[in-house]
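Colleague: Pasting work17.pdb here (PDB, C-alpha atoms):
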```pdb
ATOM      1  CA  MET A   1      76.042   6.245 -32.277
ATOM      2  CA  ASN A   2      74.866   3.579 -34.727
ATOM      3  CA  LYS A   3      71.730   2.710 -32.717
ATOM      4  CA  PHE A   4      71.050   6.412 -32.153
ATOM      5  CA  PHE A   5      71.472   7.082 -35.875
ATOM      6  CA  VAL A   6      69.030   4.334 -36.869
ATOM      7  CA  THR A   7      66.505   5.364 -34.197
ATOM      8  CA  LEU A   8      66.539   9.033 -35.240
ATOM      9  CA  SER A   9      66.425   8.131 -38.934
ATOM     10  CA  VAL A  10      63.416   5.851 -38.518
ATOM     11  CA  LEU A  11      61.726   8.395 -36.267
ATOM     12  CA  MET A  12      62.338  11.037 -38.942
ATOM     13  CA  GLY A  13      60.705   8.797 -41.550
ATOM     14  CA  VAL A  14      57.689   8.248 -39.293
ATOM     15  CA  VAL A  15      57.353  12.011 -38.724
ATOM     16  CA  VAL A  16      57.451  12.660 -42.481
ATOM     17  CA  LEU A  17      54.906   9.920 -43.183
ATOM     18  CA  SER A  18      52.508  11.016 -40.457
ATOM     19  CA  SER A  19      52.802  14.677 -41.415
ATOM     20  CA  ASN A  20      52.193  13.914 -45.108
ATOM     21  CA  TYR A  21      49.126  11.920 -44.202
ATOM     22  CA  LEU A  22      47.781  14.355 -41.603
ATOM     23  CA  VAL A  23      48.176  17.456 -43.803
ATOM     24  CA  GLN A  24      45.337  16.136 -45.951
ATOM     25  CA  PHE A  25      42.878  16.638 -43.100
ATOM     26  CA  PRO A  26      41.787  20.114 -42.039
ATOM     27  CA  ILE A  27      40.791  20.628 -38.428
ATOM     28  CA  ASN A  28      37.020  20.830 -38.554
ATOM     29  CA  TYR A  29      36.476  22.451 -35.162
ATOM     30  CA  TYR A  30      35.947  26.082 -34.261
ATOM     31  CA  GLY A  31      36.007  27.154 -37.909
ATOM     32  CA  LEU A  32      39.663  26.113 -38.345
ATOM     33  CA  ASN A  33      39.066  24.033 -41.490
ATOM     34  CA  GLU A  34      40.196  26.920 -43.728
ATOM     35  CA  ILE A  35      43.385  27.656 -41.791
ATOM     36  CA  LEU A  36      44.788  24.525 -40.158
ATOM     37  CA  THR A  37      45.547  20.852 -40.781
ATOM     38  CA  TYR A  38      46.612  18.140 -38.370
ATOM     39  CA  GLY A  39      50.027  17.903 -40.064
ATOM     40  CA  ALA A  40      51.124  21.153 -38.426
ATOM     41  CA  PHE A  41      51.335  19.414 -35.064
ATOM     42  CA  SER A  42      53.586  16.520 -36.060
ATOM     43  CA  TYR A  43      56.046  18.119 -38.473
ATOM     44  CA  PRO A  44      58.017  20.309 -36.008
ATOM     45  CA  VAL A  45      59.287  17.117 -34.385
ATOM     46  CA  ALA A  46      61.478  16.697 -37.491
ATOM     47  CA  PHE A  47      63.367  19.858 -36.545
ATOM     48  CA  LEU A  48      63.840  18.567 -33.001
ATOM     49  CA  ILE A  49      65.337  15.352 -34.390
ATOM     50  CA  THR A  50      67.660  17.232 -36.741
ATOM     51  CA  ASP A  51      68.738  19.691 -34.063
ATOM     52  CA  LEU A  52      69.471  16.937 -31.525
ATOM     53  CA  ALA A  53      71.562  15.055 -34.074
ATOM     54  CA  ASN A  54      73.381  18.269 -34.959
ATOM     55  CA  ARG A  55      74.027  19.162 -31.308
ATOM     56  CA  PHE A  56      75.259  15.697 -30.305
ATOM     57  CA  TYR A  57      77.083  14.541 -33.428
ATOM     58  CA  GLY A  58      77.545  17.547 -35.707
ATOM     59  CA  LYS A  59      76.206  18.626 -39.060
ATOM     60  CA  PHE A  60      77.568  15.689 -41.071
ATOM     61  CA  VAL A  61      75.697  13.097 -39.008
ATOM     62  CA  ALA A  62      72.615  15.344 -38.947
ATOM     63  CA  ARG A  63      72.675  15.433 -42.755
ATOM     64  CA  LYS A  64      72.919  11.637 -42.913
ATOM     65  CA  ILE A  65      69.885  11.349 -40.641
ATOM     66  CA  VAL A  66      67.969  13.807 -42.813
ATOM     67  CA  TYR A  67      68.857  11.888 -45.989
ATOM     68  CA  PHE A  68      68.052   8.525 -44.420
ATOM     69  CA  GLY A  69      64.837   9.870 -42.882
ATOM     70  CA  PHE A  70      63.959  11.467 -46.216
ATOM     71  CA  PHE A  71      64.400   8.140 -47.987
ATOM     72  CA  ILE A  72      62.303   6.282 -45.402
ATOM     73  CA  GLY A  73      59.670   9.037 -45.403
ATOM     74  CA  ILE A  74      59.362   9.073 -49.180
ATOM     75  CA  ILE A  75      59.118   5.282 -49.400
ATOM     76  CA  PHE A  76      56.470   5.212 -46.631
ATOM     77  CA  THR A  77      54.595   8.115 -48.207
ATOM     78  CA  LEU A  78      54.549   6.498 -51.647
ATOM     79  CA  LEU A  79      53.431   3.166 -50.209
ATOM     80  CA  PHE A  80      50.910   4.278 -47.607
ATOM     81  CA  SER A  81      49.570   7.756 -48.240
ATOM     82  CA  THR A  82      49.874   8.570 -51.936
ATOM     83  CA  ASP A  83      46.816   7.943 -54.104
ATOM     84  CA  PHE A  84      48.311   7.865 -57.593
ATOM     85  CA  ALA A  85      44.878   8.464 -59.104
ATOM     86  CA  ASP A  86      44.663  11.807 -57.280
ATOM     87  CA  LEU A  87      46.849  14.647 -58.604
ATOM     88  CA  ILE A  88      46.810  16.517 -55.274
ATOM     89  CA  SER A  89      48.049  13.411 -53.470
ATOM     90  CA  ILE A  90      50.969  13.172 -55.912
ATOM     91  CA  ARG A  91      51.670  16.888 -55.527
ATOM     92  CA  ILE A  92      51.664  16.452 -51.736
ATOM     93  CA  ALA A  93      54.309  13.728 -52.048
ATOM     94  CA  ILE A  94      56.466  15.890 -54.338
ATOM     95  CA  GLY A  95      55.938  19.054 -52.297
ATOM     96  CA  SER A  96      56.719  17.211 -49.102
ATOM     97  CA  GLY A  97      59.971  15.850 -50.451
ATOM     98  CA  ILE A  98      61.229  19.142 -51.836
ATOM     99  CA  ALA A  99      60.145  21.160 -48.801
ATOM    100  CA  PHE A 100      61.517  18.629 -46.328
ATOM    101  CA  ILE A 101      64.975  18.316 -47.827
ATOM    102  CA  ALA A 102      65.373  22.068 -48.404
ATOM    103  CA  ALA A 103      64.130  23.056 -44.941
ATOM    104  CA  GLN A 104      66.053  20.374 -43.059
ATOM    105  CA  LEU A 105      69.356  21.082 -44.817
ATOM    106  CA  LEU A 106      68.860  24.800 -44.179
ATOM    107  CA  ASP A 107      68.076  24.035 -40.526
ATOM    108  CA  ILE A 108      71.344  22.106 -40.209
ATOM    109  CA  GLN A 109      73.415  24.951 -41.656
ATOM    110  CA  ILE A 110      71.775  27.617 -39.505
ATOM    111  CA  PHE A 111      72.033  25.484 -36.361
ATOM    112  CA  ASP A 112      75.700  24.752 -37.020
ATOM    113  CA  HIS A 113      76.431  28.435 -37.552
ATOM    114  CA  LEU A 114      74.733  29.362 -34.246
ATOM    115  CA  ARG A 115      75.793  26.334 -32.154
ATOM    116  CA  LYS A 116      78.155  28.291 -29.860
ATOM    117  CA  LYS A 117      75.512  30.815 -28.806
ATOM    118  CA  GLU A 118      73.125  30.436 -25.864
ATOM    119  CA  TRP A 119      71.611  26.887 -25.806
ATOM    120  CA  PHE A 120      68.204  27.903 -27.232
ATOM    121  CA  ILE A 121      69.358  30.251 -30.011
ATOM    122  CA  ALA A 122      70.443  27.585 -32.521
ATOM    123  CA  PRO A 123      67.422  25.261 -32.266
ATOM    124  CA  LEU A 124      64.876  28.066 -32.127
ATOM    125  CA  THR A 125      66.314  30.132 -34.970
ATOM    126  CA  SER A 126      66.959  27.173 -37.261
ATOM    127  CA  SER A 127      63.516  25.675 -36.580
ATOM    128  CA  VAL A 128      61.699  28.951 -37.176
ATOM    129  CA  ILE A 129      63.486  29.669 -40.456
ATOM    130  CA  GLY A 130      63.217  26.028 -41.527
ATOM    131  CA  SER A 131      59.477  26.016 -40.739
ATOM    132  CA  ILE A 132      58.914  29.131 -42.840
ATOM    133  CA  VAL A 133      60.783  27.660 -45.823
ATOM    134  CA  ASP A 134      59.134  24.263 -45.443
ATOM    135  CA  THR A 135      55.637  25.713 -45.163
ATOM    136  CA  PHE A 136      55.977  28.006 -48.168
ATOM    137  CA  LEU A 137      57.500  25.326 -50.396
ATOM    138  CA  PHE A 138      55.151  22.544 -49.317
ATOM    139  CA  PHE A 139      51.880  24.441 -49.631
ATOM    140  CA  SER A 140      52.751  26.243 -52.859
ATOM    141  CA  ILE A 141      53.934  23.058 -54.596
ATOM    142  CA  SER A 142      51.113  20.903 -53.244
ATOM    143  CA  PHE A 143      48.123  23.197 -53.585
ATOM    144  CA  TYR A 144      48.844  26.167 -55.882
ATOM    145  CA  ALA A 145      46.114  26.588 -58.529
ATOM    146  CA  THR A 146      43.758  24.158 -56.787
ATOM    147  CA  GLU A 147      40.549  24.789 -54.883
ATOM    148  CA  VAL A 148      42.379  24.179 -51.605
ATOM    149  CA  PRO A 149      42.700  27.459 -49.640
ATOM    150  CA  TRP A 150      46.457  26.936 -49.450
ATOM    151  CA  VAL A 151      47.464  30.456 -48.438
ATOM    152  CA  THR A 152      45.268  30.505 -45.347
ATOM    153  CA  LEU A 153      46.123  26.868 -44.577
ATOM    154  CA  SER A 154      49.833  27.645 -44.849
ATOM    155  CA  LEU A 155      49.562  30.635 -42.526
ATOM    156  CA  GLY A 156      47.586  28.628 -39.966
ATOM    157  CA  ASP A 157      49.990  25.702 -40.186
ATOM    158  CA  LEU A 158      52.969  28.034 -39.887
ATOM    159  CA  ALA A 159      51.540  29.638 -36.745
ATOM    160  CA  VAL A 160      51.149  26.209 -35.139
ATOM    161  CA  LYS A 161      54.603  25.086 -36.311
ATOM    162  CA  LEU A 162      56.176  28.163 -34.752
ATOM    163  CA  PHE A 163      54.308  27.572 -31.498
ATOM    164  CA  VAL A 164      55.299  23.884 -31.438
ATOM    165  CA  SER A 165      58.911  24.905 -32.195
ATOM    166  CA  LEU A 166      58.862  26.874 -28.963
ATOM    167  CA  ILE A 167      57.458  23.898 -27.083
ATOM    168  CA  MET A 168      60.134  21.619 -28.614
ATOM    169  CA  LEU A 169      62.735  23.629 -26.701
ATOM    170  CA  VAL A 170      61.602  21.817 -23.536
ATOM    171  CA  PRO A 171      62.516  18.281 -24.683
ATOM    172  CA  PHE A 172      65.610  19.691 -26.392
ATOM    173  CA  LYS A 173      66.848  21.162 -23.101
ATOM    174  CA  ILE A 174      65.986  18.003 -21.157
ATOM    175  CA  LEU A 175      67.838  15.825 -23.655
ATOM    176  CA  LEU A 176      70.832  18.185 -23.560
ATOM    177  CA  LYS A 177      71.177  17.428 -19.855
ATOM    178  CA  ILE A 178      71.013  13.673 -20.471
ATOM    179  CA  GLY A 179      73.528  13.507 -23.328
ATOM    180  CA  LYS A 180      76.870  15.106 -24.062
ATOM    181  CA  PRO A 181      76.687  17.640 -26.896
ATOM    182  CA  ILE A 182      79.671  18.565 -29.031
TER     183      ILE A 182
END
```
Go ahead and render the structure in this file as C-alpha cells.
Modeller:
Amino acid sequence: MNKFFVTLSVLMGVVVLSSNYLVQFPINYYGLNEILTYGAFSYPVAFLITDLANRFYGKFVARKIVYFGFFIGIIFTLLFSTDFADLISIRIAIGSGIAFIAAQLLDIQIFDHLRKKEWFIAPLTSSVIGSIVDTFLFFSISFYATEVPWVTLSLGDLAVKLFVSLIMLVPFKILLKIGKPI
C-alpha cells in the first residue's frame, strides 16, 4: 500500500497543479472563451484518484491521500503557477485550496456512505456532488467581483466536469477488476 499511497498522492498533487494552471486559460475555439477553461478537463481525475483510494483502502487512507495531495498541490501551485504580483493568481491559489479540500473530503464521505450500492453509484454520485461544490467554491473565491465572467465559466467548467466524471467510470471499472476492493 505504501507505494500505491505515494503514487496516488503525487498524482493528486500533479492534478491539482495542472488544473490550477490550466484554469487560467479559456478555450478560445468555437466561442467557448466565455464558458470554458482547460482546467475542467484535468480536475475530475482528482475524484477518480480519491474514489479508487476509498474503494481499495477505505476512507481513512483516502483522506490521507487527499491531505498529502493537497500539500503537494499547494506547494507546486505556489512555486510554479502563482504570480504573487497578480491578485487573481493569489485568489486562484486560495480558491483552489479551499475548494479542493472541501470537495474531496465531501466526496470521501459520500462515497463511503454509498460504497455497498451498485459499483457505479458511489463514484458517480460523490464525483458529481464534489464537482458541484468544488466548482462553486473555486470560481466564486477566485473570480467574484472581477472582470472574469466567472458565472458562465463555472457553468461551462461544471458541464465538462460532469461529463468527464461519467467517462472516469470506465477506468474506475477497469481498475476494480484489476485490484481487490474492500
Colleague: Using only C-alpha atoms, which residue out of A:Lys177, A:Arg91, A:Arg63, A:Lys117 lies closest to Phe5 in chain A?
Modeller: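 Closest to Phe5 in chain A, using only C-alpha atoms: A:Arg63.
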Colleague: Identify all residues satisfying the PyMOL selection byres ((chain A and resi 27) around 8) in the given file; provide them as a PDB file with C-alpha atoms, keeping the file's coordinate frame.
Modeller:
```
ATOM      1  CA  PHE A  25      42.878  16.638 -43.100  1.00  0.00           C
ATOM      2  CA  PRO A  26      41.787  20.114 -42.039  1.00  0.00           C
ATOM      3  CA  ASN A  28      37.020  20.830 -38.554  1.00  0.00           C
ATOM      4  CA  TYR A  29      36.476  22.451 -35.162  1.00  0.00           C
ATOM      5  CA  LEU A  32      39.663  26.113 -38.345  1.00  0.00           C
ATOM      6  CA  ASN A  33      39.066  24.033 -41.490  1.00  0.00           C
ATOM      7  CA  LEU A  36      44.788  24.525 -40.158  1.00  0.00           C
ATOM      8  CA  THR A  37      45.547  20.852 -40.781  1.00  0.00           C
ATOM      9  CA  TYR A  38      46.612  18.140 -38.370  1.00  0.00           C
TER      10      TYR A  38
END
```
Colleague: Mind giving me the straight-line distance from CA of Lys161 in chain A to CA of Leu17 in chain A in Å, one decimal?
Modeller: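 One can read the CA of Lys161 in chain A to CA of Leu17 in chain A distance as 16.7 Å.
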Colleague: List as a ChimeraX atom specification the protein and nucleic acid residues near Asp112 in chain A, meaning an atom at most 8 Å away when only C-alpha atoms are counted, but skip any in the same chain fewer than 5 places from it.
Modeller: /A:54,58-59,122
Colleague: Taking only C-alpha atoms into account, name the residue in A:Ser140, A:Met12, A:Ala159, A:Val133 that is nearest to Leu48 in chain A.
Modeller: A:Met12
Colleague: Closest to Ala103 in chain A among A:Phe80, A:Ile75, A:Ile90, A:Asp134, using only C-alpha atoms?
Modeller: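 Nearest to Ala103 in chain A: A:Asp134.
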Colleague: Each side padded by 8 Å, which centre and which edge lengths in Å (one decimal) define the axis-aligned box around the listed atoms of range 101-117 of chain A? Give them as AutoDock Vina command-line options.
Modeller:
```
--center_x 71.1 --center_y 24.6 --center_z -38.6 --size_x 30.0 --size_y 28.5 --size_z 35.6
```
Colleague: Could you name the residues that touch range 82-86 of chain A at 12 Å or less, counting only C-alpha atoms, but leaving out those on the same chain fewer than 6 positions away, as an MDAnalysis selection string?
Modeller: chainID A and resid 17 20:21 24 73:76 92:94 96 142
Colleague: Once the PyMOL selection byres ((chain A and resi 64-71) around 10) has been evaluated on this model, what residues remain selected, and can you format them as a PyMOL selection string?
Modeller: chain A and resi 4-17+46-47+49-50+53-54+59-63+72-77+96-98+100-101+104-105+108
Colleague: List the residues matched by the PyMOL selection byres ((chain A and resi 39) around 6) in the displayed structure as number ranges by chain, ordered by chain and then by residue number.
Modeller: A: 19, 22-23, 37-38, 40-42
Colleague: Let me make sure I understand: among A:Val148, A:Leu162, A:Leu169, A:Ile141, which one has the smallest atom-to-atom distance to Ile35 in chain A if we use all atoms listed in the file?
Modeller: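 Residue with the minimum atom-to-atom distance to Ile35 in chain A: A:Val148.
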Colleague: How far is it from CA of Glu118 in chain A to CA of Phe56 in chain A, in Å with one decimal?
Modeller: 15.5 Å
Colleague: Ranking A:Leu79, A:Phe138, A:Lys3, A:Leu176 by minimum distance to Leu155 in chain A and counting all atoms listed in the file, which one comes first?
Modeller: A:Phe138
Colleague: Would you mind telling me which residue in A:Gly130, A:Arg115, A:Glu147, A:Ser165 lies nearest to Tyr57 in chain A when using only C-alpha atoms?
Modeller: A:Arg115
Colleague: Can you pull out every residue within 9 Å of Phe143 in chain A, counting all atoms listed in the file, but drop anything in the same chain fewer than 6 positions away, and send it as an MDAnalysis selection string?
Modeller: chainID A and resid 88 91:92 95 149:151
Colleague: Would you list the contacts of Ile174 in chain A as JSON, numbers by chain, taking every protein, DNA or RNA residue within 12 Å and counting only C-alpha atoms, but skipping same-chain residues closer than 5 positions in sequence?
Modeller: {"A": [52, 119, 120, 167, 168, 169, 179, 180]}
Colleague: Would you mind reading off the distance between CA of Gly156 in chain A and CA of Asp107 in chain A, one decimal, in Å?
Modeller: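 Atom-to-atom, CA of Gly156 in chain A and CA of Asp107 in chain A are spaced 21.0 Å apart.
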Colleague: Will you model N, CA, C and O atoms for range 58-77 of chain A and pass it back as a PDB file, keeping the file's coordinate frame?
Modeller:
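Output saved as rebuild17.pdb:
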```pdb
ATOM      1  N   GLY A  58      77.070  16.638 -34.683  1.00  0.00           N
ATOM      2  CA  GLY A  58      77.545  17.547 -35.707  1.00  0.00           C
ATOM      3  C   GLY A  58      76.723  17.509 -36.982  1.00  0.00           C
ATOM      4  O   GLY A  58      75.851  16.664 -37.164  1.00  0.00           O
ATOM      5  N   LYS A  59      77.034  18.446 -37.864  1.00  0.00           N
ATOM      6  CA  LYS A  59      76.206  18.626 -39.060  1.00  0.00           C
ATOM      7  C   LYS A  59      76.309  17.477 -40.059  1.00  0.00           C
ATOM      8  O   LYS A  59      75.360  17.206 -40.781  1.00  0.00           O
ATOM      9  N   PHE A  60      77.437  16.775 -40.096  1.00  0.00           N
ATOM     10  CA  PHE A  60      77.568  15.689 -41.071  1.00  0.00           C
ATOM     11  C   PHE A  60      76.654  14.517 -40.718  1.00  0.00           C
ATOM     12  O   PHE A  60      75.995  13.951 -41.592  1.00  0.00           O
ATOM     13  N   VAL A  61      76.599  14.171 -39.447  1.00  0.00           N
ATOM     14  CA  VAL A  61      75.697  13.097 -39.008  1.00  0.00           C
ATOM     15  C   VAL A  61      74.247  13.560 -39.144  1.00  0.00           C
ATOM     16  O   VAL A  61      73.380  12.788 -39.565  1.00  0.00           O
ATOM     17  N   ALA A  62      73.980  14.815 -38.811  1.00  0.00           N
ATOM     18  CA  ALA A  62      72.615  15.344 -38.947  1.00  0.00           C
ATOM     19  C   ALA A  62      72.153  15.246 -40.397  1.00  0.00           C
ATOM     20  O   ALA A  62      71.004  14.867 -40.662  1.00  0.00           O
ATOM     21  N   ARG A  63      73.035  15.549 -41.334  1.00  0.00           N
ATOM     22  CA  ARG A  63      72.675  15.433 -42.755  1.00  0.00           C
ATOM     23  C   ARG A  63      72.368  13.983 -43.130  1.00  0.00           C
ATOM     24  O   ARG A  63      71.421  13.717 -43.869  1.00  0.00           O
ATOM     25  N   LYS A  64      73.163  13.058 -42.617  1.00  0.00           N
ATOM     26  CA  LYS A  64      72.919  11.637 -42.913  1.00  0.00           C
ATOM     27  C   LYS A  64      71.545  11.224 -42.393  1.00  0.00           C
ATOM     28  O   LYS A  64      70.827  10.485 -43.070  1.00  0.00           O
ATOM     29  N   ILE A  65      71.192  11.682 -41.210  1.00  0.00           N
ATOM     30  CA  ILE A  65      69.885  11.349 -40.641  1.00  0.00           C
ATOM     31  C   ILE A  65      68.774  11.954 -41.491  1.00  0.00           C
ATOM     32  O   ILE A  65      67.756  11.312 -41.746  1.00  0.00           O
ATOM     33  N   VAL A  66      68.967  13.171 -41.952  1.00  0.00           N
ATOM     34  CA  VAL A  66      67.969  13.807 -42.813  1.00  0.00           C
ATOM     35  C   VAL A  66      67.825  13.014 -44.116  1.00  0.00           C
ATOM     36  O   VAL A  66      66.705  12.722 -44.550  1.00  0.00           O
ATOM     37  N   TYR A  67      68.938  12.643 -44.734  1.00  0.00           N
ATOM     38  CA  TYR A  67      68.857  11.888 -45.989  1.00  0.00           C
ATOM     39  C   TYR A  67      68.213  10.521 -45.769  1.00  0.00           C
ATOM     40  O   TYR A  67      67.364  10.093 -46.549  1.00  0.00           O
ATOM     41  N   PHE A  68      68.616   9.840 -44.705  1.00  0.00           N
ATOM     42  CA  PHE A  68      68.052   8.525 -44.420  1.00  0.00           C
ATOM     43  C   PHE A  68      66.570   8.657 -44.065  1.00  0.00           C
ATOM     44  O   PHE A  68      65.738   7.893 -44.561  1.00  0.00           O
ATOM     45  N   GLY A  69      66.236   9.628 -43.233  1.00  0.00           N
ATOM     46  CA  GLY A  69      64.837   9.870 -42.882  1.00  0.00           C
ATOM     47  C   GLY A  69      64.016  10.271 -44.090  1.00  0.00           C
ATOM     48  O   GLY A  69      62.858   9.874 -44.240  1.00  0.00           O
ATOM     49  N   PHE A  70      64.611  11.060 -44.975  1.00  0.00           N
ATOM     50  CA  PHE A  70      63.959  11.467 -46.216  1.00  0.00           C
ATOM     51  C   PHE A  70      63.632  10.241 -47.057  1.00  0.00           C
ATOM     52  O   PHE A  70      62.508  10.080 -47.542  1.00  0.00           O
ATOM     53  N   PHE A  71      64.598   9.363 -47.204  1.00  0.00           N
ATOM     54  CA  PHE A  71      64.400   8.140 -47.987  1.00  0.00           C
ATOM     55  C   PHE A  71      63.281   7.292 -47.383  1.00  0.00           C
ATOM     56  O   PHE A  71      62.366   6.861 -48.094  1.00  0.00           O
ATOM     57  N   ILE A  72      63.341   7.067 -46.079  1.00  0.00           N
ATOM     58  CA  ILE A  72      62.303   6.282 -45.402  1.00  0.00           C
ATOM     59  C   ILE A  72      60.946   6.969 -45.544  1.00  0.00           C
ATOM     60  O   ILE A  72      59.942   6.329 -45.858  1.00  0.00           O
ATOM     61  N   GLY A  73      60.917   8.283 -45.309  1.00  0.00           N
ATOM     62  CA  GLY A  73      59.670   9.037 -45.403  1.00  0.00           C
ATOM     63  C   GLY A  73      59.052   8.982 -46.781  1.00  0.00           C
ATOM     64  O   GLY A  73      57.835   8.810 -46.923  1.00  0.00           O
ATOM     65  N   ILE A  74      59.871   9.117 -47.808  1.00  0.00           N
ATOM     66  CA  ILE A  74      59.362   9.073 -49.180  1.00  0.00           C
ATOM     67  C   ILE A  74      58.828   7.681 -49.511  1.00  0.00           C
ATOM     68  O   ILE A  74      57.740   7.539 -50.077  1.00  0.00           O
ATOM     69  N   ILE A  75      59.584   6.654 -49.141  1.00  0.00           N
ATOM     70  CA  ILE A  75      59.118   5.282 -49.400  1.00  0.00           C
ATOM     71  C   ILE A  75      57.788   5.046 -48.686  1.00  0.00           C
ATOM     72  O   ILE A  75      56.823   4.561 -49.287  1.00  0.00           O
ATOM     73  N   PHE A  76      57.712   5.385 -47.388  1.00  0.00           N
ATOM     74  CA  PHE A  76      56.470   5.212 -46.631  1.00  0.00           C
ATOM     75  C   PHE A  76      55.334   6.017 -47.247  1.00  0.00           C
ATOM     76  O   PHE A  76      54.210   5.538 -47.357  1.00  0.00           O
ATOM     77  N   THR A  77      55.622   7.248 -47.638  1.00  0.00           N
ATOM     78  CA  THR A  77      54.595   8.115 -48.207  1.00  0.00           C
ATOM     79  C   THR A  77      54.066   7.525 -49.514  1.00  0.00           C
ATOM     80  O   THR A  77      52.857   7.484 -49.744  1.00  0.00           O
TER      81      THR A  77
END
```
